[in-house]
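Reviewing the structure listed below.
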Amino acid sequence: MIIFGTRGVKSTMSAGNFNCPQCDQSTPYRHRKVTNFFTLYFIPIIPLGRVGEYVECGQCKGTYIPRVLENAPSNNEAFMAEYEKAIKHSMILMMLADGVIDEKEKEQVLEIINEFSQNNISSPQLEDYIVQVQKENKDVTTYLKNVGPSLNEHGKETVIKCALAVAAADGHIDDSELKMISEMGKAMEMSASHLKGILSDIFEKK
């Protein structure tokens with residue numbers, strides 16, 4: 001039986017140091033590309049064209065669009081500040097989407113915020129921020145639409161997977177949470193097929 005198909009193969013185009021938005025300092029990077037290959041017996045045989053490219057930080061492993069290599073430190077600081085706001089705001093709104101504040105969801109939100117922010121926050125600070133978000137009553141797209149164009153597909157996927165982790169922390173994902181996931185994807189200009197693929201992969205593993 002002949003087994004054939006396609007798969008993406010990553011390769012490094014260049015390497016050096018850059019101002020990483022997440023590390024907020026100069027760190028090593030790899031400028032990588034993904035090429036789609038025709039495979040025979042799972043072995044890449046024929047290149048079918050480039051799928052995309054991204055810059056990967058050697059320290060935090062964050063990934064960004066190639067334009068990040070052109071960013072000045074001041075621009076990186078501004079992007080990181082907006083990115084942190086987007087993560088905090090969207091994760092808290094995801095926790096509130098079903099109308100119930102679950103302690104396990106709260107723990108997941110705190111873990112994600114501290115993983116992707118430069119400055120860790122405590123549980124009391126999270127409680128204060130939850131109250132602030134409820135009072136402001138801003139849409140989940142408020143900050144995501146500002147950072148979406150600067151994130152590559154992997155970066156957008158990371159945000160969606162974090163939101164799904166929050167939604168699933170209480171043991172189930174309901175329709176209100178799925179609706180918010182869809183709104184987040186649109187705000188970051190994700191393709192419908194990409195978002196559907198992430199959701200399918202998550203539910204297949206459950």
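Residues in the structure tokens are named by chain (A, B, ... in the order shown) and by number from 1 within that chain; ligands are numbered from 1 in the order shown.
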Review point. Excluding same-chain residues fewer than 5 positions from Ile198 in chain A, what lies within 9 Å of it counting only C-alpha atoms, as JSON, numbers by chain?
Key: {"A": [157, 160, 161, 193, 203]}
Could you please take those selected residues and save N, CA and C atoms as a PDB file, in the first residue's frame?
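Below you can see result.pdb, which holds the result:
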```pdb
ATOM      1  N   GLU A 157      -3.023  31.544  17.701  1.00  0.00           N
ATOM      2  CA  GLU A 157      -3.456  30.224  18.174  1.00  0.00           C
ATOM      3  C   GLU A 157      -3.200  30.084  19.675  1.00  0.00           C
ATOM      4  N   ILE A 160      -5.965  31.815  21.621  1.00  0.00           N
ATOM      5  CA  ILE A 160      -7.199  31.026  21.588  1.00  0.00           C
ATOM      6  C   ILE A 160      -7.094  29.806  22.504  1.00  0.00           C
ATOM      7  N   LYS A 161      -5.958  29.134  22.496  1.00  0.00           N
ATOM      8  CA  LYS A 161      -5.783  27.949  23.341  1.00  0.00           C
ATOM      9  C   LYS A 161      -5.792  28.316  24.817  1.00  0.00           C
ATOM     10  N   SER A 193     -11.255  28.607   9.081  1.00  0.00           N
ATOM     11  CA  SER A 193     -10.737  27.239   9.027  1.00  0.00           C
ATOM     12  C   SER A 193      -9.680  27.002  10.098  1.00  0.00           C
ATOM     13  N   PHE A 203     -11.332  19.332  21.060  1.00  0.00           N
ATOM     14  CA  PHE A 203     -12.438  18.429  21.407  1.00  0.00           C
ATOM     15  C   PHE A 203     -12.129  16.969  21.102  1.00  0.00           C
TER      16      PHE A 203
END
```
Practice item. For range 92-104 of chain A, please output as number ranges by chain all residues within 7 Å (counting only C-alpha atoms; exclusion window: fewer than 4 positions along the same chain). Key: A: 88, 108-109, 130, 140, 163, 166-167, 169-170, 176-177, 180
Exercise for review: List every residue of chain A that DSSP, applied to the backbone of this structure, places in helix (DSSP H, G or I), and write the result as a PyMOL selection string.
Suggested key: chain A and resi 66-70+73-96+103-116+123-136+141-150+153-168+175-187+192-205
**Study point:** Coordinates-based distance that separates CA of Ser200 in chain A from CA of Gly155 in chain A (Å, one decimal)
**Key:** 18.2 Å
**Study point:** Residues near His89 in chain A, cut-off 12 Å, only C-alpha atoms, skip fewer than 5 positions along chain, as a PyMOL selection string
**Key:** chain A and resi 82-84+94-96+109-110+112-113+126+129-134+136-144+159+163+184
Written selection (C-alpha atoms) as a PDB file, in the first residue's frame:
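This went into result33.pdb:
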```pdb
ATOM      1  CA  GLU A  82      -1.106  46.445  24.679  1.00  0.00           C
ATOM      2  CA  TYR A  83      -0.514  42.679  24.534  1.00  0.00           C
ATOM      3  CA  GLU A  84      -0.669  42.389  28.328  1.00  0.00           C
ATOM      4  CA  MET A  94     -13.740  34.364  29.073  1.00  0.00           C
ATOM      5  CA  MET A  95     -14.027  33.411  32.744  1.00  0.00           C
ATOM      6  CA  LEU A  96     -17.133  35.617  33.064  1.00  0.00           C
ATOM      7  CA  VAL A 109      -6.573  32.977  34.479  1.00  0.00           C
ATOM      8  CA  LEU A 110      -3.963  33.939  37.072  1.00  0.00           C
ATOM      9  CA  ILE A 112      -1.933  32.569  32.127  1.00  0.00           C
ATOM     10  CA  ILE A 113      -1.658  36.261  33.000  1.00  0.00           C
ATOM     11  CA  LEU A 126      -6.678  39.659  40.093  1.00  0.00           C
ATOM     12  CA  TYR A 129      -8.955  43.577  38.022  1.00  0.00           C
ATOM     13  CA  ILE A 130     -12.048  41.370  37.697  1.00  0.00           C
ATOM     14  CA  VAL A 131     -14.128  44.103  39.349  1.00  0.00           C
ATOM     15  CA  GLN A 132     -12.558  46.696  37.030  1.00  0.00           C
ATOM     16  CA  VAL A 133     -13.368  44.665  33.920  1.00  0.00           C
ATOM     17  CA  GLN A 134     -16.954  44.188  35.072  1.00  0.00           C
ATOM     18  CA  GLU A 136     -15.800  48.926  32.325  1.00  0.00           C
ATOM     19  CA  ASN A 137     -18.005  46.450  30.436  1.00  0.00           C
ATOM     20  CA  LYS A 138     -15.794  46.557  27.329  1.00  0.00           C
ATOM     21  CA  ASP A 139     -16.091  44.060  24.490  1.00  0.00           C
ATOM     22  CA  VAL A 140     -13.612  41.164  24.293  1.00  0.00           C
ATOM     23  CA  THR A 141     -12.326  42.581  21.000  1.00  0.00           C
ATOM     24  CA  THR A 142     -11.288  45.921  22.582  1.00  0.00           C
ATOM     25  CA  TYR A 143      -7.585  45.147  22.927  1.00  0.00           C
ATOM     26  CA  LEU A 144      -7.281  41.999  20.811  1.00  0.00           C
ATOM     27  CA  VAL A 159      -4.270  33.219  22.659  1.00  0.00           C
ATOM     28  CA  ALA A 163      -8.920  31.102  26.370  1.00  0.00           C
ATOM     29  CA  MET A 184     -11.720  36.603  19.669  1.00  0.00           C
TER      30      MET A 184
END
```
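If only C-alpha atoms are the atoms counted, then among A:Ile121, A:Gly58, A:Cys23, A:Ser90 the closest residue to Glu107 in chain A is A:Ile121.
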Point to revise | Nearest residue to Cys20 in chain A from the set A:His172, A:Lys61, A:Lys85, A:Lys196 (distances using only C-alpha atoms) | key: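 Residue with the minimum atom-to-atom distance to Cys20 in chain A: A:Lys61.
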Check your understanding: Skipping near chain neighbours, those fewer than 3 positions away, what residues fall within 9 Å of Met190 in chain A using only C-alpha atoms, listed as a list of chain:residue names?
Key ->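 Residues meeting the cut-off are A:Gly148, A:Glu153, A:Lys156, A:Glu157, A:Met184, A:Gly185, A:Lys186, A:Ala187, A:Ser193, A:His194, A:Leu195.
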Please produce an output containing C-alpha atoms for each residue in the selection, written as an mmCIF file, in the first residue's frame.
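Final file, selection32.cif:
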```cif
data_model
loop_
_atom_site.group_PDB
_atom_site.id
_atom_site.type_symbol
_atom_site.label_atom_id
_atom_site.label_comp_id
_atom_site.auth_asym_id
_atom_site.auth_seq_id
_atom_site.Cartn_x
_atom_site.Cartn_y
_atom_site.Cartn_z
ATOM 1 C CA GLY A 148 -3.894 40.798 16.295
ATOM 2 C CA GLU A 153 -0.749 32.465 13.210
ATOM 3 C CA LYS A 156 -3.033 33.951 17.597
ATOM 4 C CA GLU A 157 -3.456 30.224 18.174
ATOM 5 C CA MET A 184 -11.720 36.603 19.669
ATOM 6 C CA GLY A 185 -10.720 34.846 16.468
ATOM 7 C CA LYS A 186 -12.447 37.456 14.326
ATOM 8 C CA ALA A 187 -10.850 40.289 16.299
ATOM 9 C CA SER A 193 -10.737 27.239 9.027
ATOM 10 C CA HIS A 194 -7.824 27.898 11.391
ATOM 11 C CA LEU A 195 -10.144 28.527 14.328
#
```
Which parts of range 4-205 of chain A does DSSP call strand (DSSP E) when run on the backbone here, written out as a compact mmCIF listing (two decimals) with N, CA and C atoms, in the first residue's frame?
```
# COMPACT_ATOMS: atom_id res chain seq x y z
N PHE A 4 0.82 8.31 1.11
CA PHE A 4 1.32 9.64 0.74
C PHE A 4 0.45 10.71 1.39
N GLY A 5 0.95 11.94 1.40
CA GLY A 5 0.22 13.05 1.99
C GLY A 5 1.04 14.32 1.94
N THR A 6 0.76 15.25 2.82
CA THR A 6 1.53 16.50 2.88
C THR A 6 1.78 16.85 4.35
N ARG A 7 2.83 17.60 4.58
CA ARG A 7 3.08 18.13 5.93
C ARG A 7 4.02 19.32 5.86
N GLY A 8 3.95 20.18 6.86
CA GLY A 8 4.81 21.36 6.92
C GLY A 8 6.16 21.02 7.54
N VAL A 9 7.21 21.52 6.92
CA VAL A 9 8.57 21.31 7.41
C VAL A 9 9.18 22.67 7.75
N LYS A 10 9.68 22.79 8.98
CA LYS A 10 10.27 24.05 9.43
C LYS A 10 11.76 24.09 9.12
N SER A 11 12.26 25.26 8.76
CA SER A 11 13.69 25.45 8.54
C SER A 11 14.07 26.87 8.95
N THR A 12 15.33 27.05 9.35
CA THR A 12 15.80 28.35 9.81
C THR A 12 16.38 29.16 8.66
N MET A 13 15.87 30.37 8.47
CA MET A 13 16.34 31.26 7.41
C MET A 13 17.52 32.11 7.88
N SER A 14 17.45 32.57 9.13
CA SER A 14 18.53 33.39 9.68
C SER A 14 18.43 33.36 11.20
N ALA A 15 19.44 33.87 11.87
CA ALA A 15 19.45 33.91 13.33
C ALA A 15 20.24 35.14 13.78
N GLY A 16 20.04 35.52 15.03
CA GLY A 16 20.75 36.68 15.56
C GLY A 16 20.14 37.10 16.88
N ASN A 17 20.18 38.39 17.18
CA ASN A 17 19.57 38.92 18.39
C ASN A 17 18.54 39.98 18.01
N PHE A 18 17.48 40.07 18.79
CA PHE A 18 16.44 41.08 18.54
C PHE A 18 15.84 41.52 19.87
N ASN A 19 15.03 42.55 19.82
CA ASN A 19 14.36 43.03 21.02
C ASN A 19 13.03 42.29 21.17
N CYS A 20 13.02 41.25 22.00
CA CYS A 20 11.81 40.42 22.15
C CYS A 20 10.74 41.19 22.92
N GLN A 25 13.86 42.52 26.34
CA GLN A 25 15.30 42.70 26.29
C GLN A 25 15.84 42.05 25.02
N SER A 26 17.12 42.26 24.76
CA SER A 26 17.73 41.66 23.58
C SER A 26 17.96 40.17 23.83
N THR A 27 17.44 39.34 22.95
CA THR A 27 17.57 37.88 23.09
C THR A 27 17.87 37.26 21.73
N PRO A 28 18.38 36.03 21.71
CA PRO A 28 18.62 35.34 20.44
C PRO A 28 17.30 35.00 19.75
N TYR A 29 17.32 34.99 18.44
CA TYR A 29 16.12 34.61 17.69
C TYR A 29 16.49 33.72 16.51
N ARG A 30 15.49 33.02 16.01
CA ARG A 30 15.60 32.29 14.74
C ARG A 30 14.47 32.73 13.83
N HIS A 31 14.81 33.14 12.63
CA HIS A 31 13.81 33.50 11.62
C HIS A 31 13.53 32.22 10.85
N ARG A 32 12.33 31.67 11.02
CA ARG A 32 12.03 30.35 10.47
C ARG A 32 10.92 30.42 9.41
N LYS A 33 10.96 29.49 8.51
CA LYS A 33 9.90 29.37 7.50
C LYS A 33 9.32 27.97 7.55
N VAL A 34 8.07 27.86 7.11
CA VAL A 34 7.39 26.57 7.06
C VAL A 34 7.05 26.29 5.60
N THR A 35 7.57 25.20 5.09
CA THR A 35 7.33 24.80 3.70
C THR A 35 6.48 23.56 3.67
N ASN A 36 5.44 23.57 2.84
CA ASN A 36 4.58 22.40 2.69
C ASN A 36 5.22 21.41 1.72
N PHE A 37 5.35 20.15 2.14
CA PHE A 37 5.97 19.12 1.32
C PHE A 37 4.99 17.99 1.01
N PHE A 38 5.11 17.45 -0.20
CA PHE A 38 4.45 16.20 -0.53
C PHE A 38 5.27 15.09 0.11
N THR A 39 4.61 14.18 0.84
CA THR A 39 5.33 13.10 1.52
C THR A 39 4.97 11.74 0.93
N LEU A 40 5.95 10.86 0.89
CA LEU A 40 5.76 9.48 0.47
C LEU A 40 6.29 8.60 1.59
N ILE A 43 7.91 10.58 4.34
CA ILE A 43 9.17 11.26 4.06
C ILE A 43 8.91 12.43 3.13
N PRO A 44 9.32 13.68 3.52
CA PRO A 44 9.14 14.84 2.64
C PRO A 44 9.90 14.65 1.32
N ILE A 45 9.19 14.75 0.20
CA ILE A 45 9.82 14.50 -1.09
C ILE A 45 9.84 15.77 -1.96
N ILE A 46 8.69 16.37 -2.16
CA ILE A 46 8.57 17.50 -3.09
C ILE A 46 8.04 18.73 -2.37
N PRO A 47 8.78 19.85 -2.39
CA PRO A 47 8.26 21.08 -1.78
C PRO A 47 7.10 21.63 -2.60
N LEU A 48 6.02 22.00 -1.90
CA LEU A 48 4.82 22.50 -2.58
C LEU A 48 4.63 24.00 -2.41
N GLY A 49 5.56 24.63 -1.72
CA GLY A 49 5.45 26.08 -1.53
C GLY A 49 5.50 26.46 -0.07
N ARG A 50 5.89 27.70 0.17
CA ARG A 50 6.02 28.19 1.53
C ARG A 50 4.65 28.47 2.13
N VAL A 51 4.44 27.99 3.36
CA VAL A 51 3.17 28.21 4.07
C VAL A 51 3.23 29.51 4.85
N GLY A 52 4.38 29.79 5.43
CA GLY A 52 4.50 31.01 6.22
C GLY A 52 5.88 31.11 6.84
N GLU A 53 6.09 32.17 7.59
CA GLU A 53 7.36 32.36 8.29
C GLU A 53 7.13 33.13 9.57
N TYR A 54 8.03 32.97 10.51
CA TYR A 54 7.88 33.63 11.80
C TYR A 54 9.24 33.77 12.48
N VAL A 55 9.29 34.62 13.50
CA VAL A 55 10.50 34.81 14.30
C VAL A 55 10.25 34.18 15.66
N GLU A 56 11.16 33.31 16.09
CA GLU A 56 11.01 32.62 17.36
C GLU A 56 12.09 33.08 18.33
N CYS A 57 11.67 33.52 19.52
CA CYS A 57 12.61 33.95 20.55
C CYS A 57 13.28 32.73 21.17
N THR A 63 6.57 33.52 19.50
CA THR A 63 6.72 33.65 18.06
C THR A 63 6.02 34.91 17.57
N TYR A 64 6.62 35.57 16.57
CA TYR A 64 6.13 36.86 16.09
C TYR A 64 6.27 36.93 14.57
```
Practice item. Would you work out the distance separating CA of Gln22 in chain A from CA of Gln118 in chain A, expressed in Å to one decimal? Key: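 A separation of 7.1 Å between them.
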Review point. Can you tell me how far CA of Pro149 in chain A sits from CA of Asp174 in chain A, in Å to one decimal?
Key: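 So the two atoms, CA of Pro149 in chain A and CA of Asp174 in chain A, lie 28.2 Å apart.
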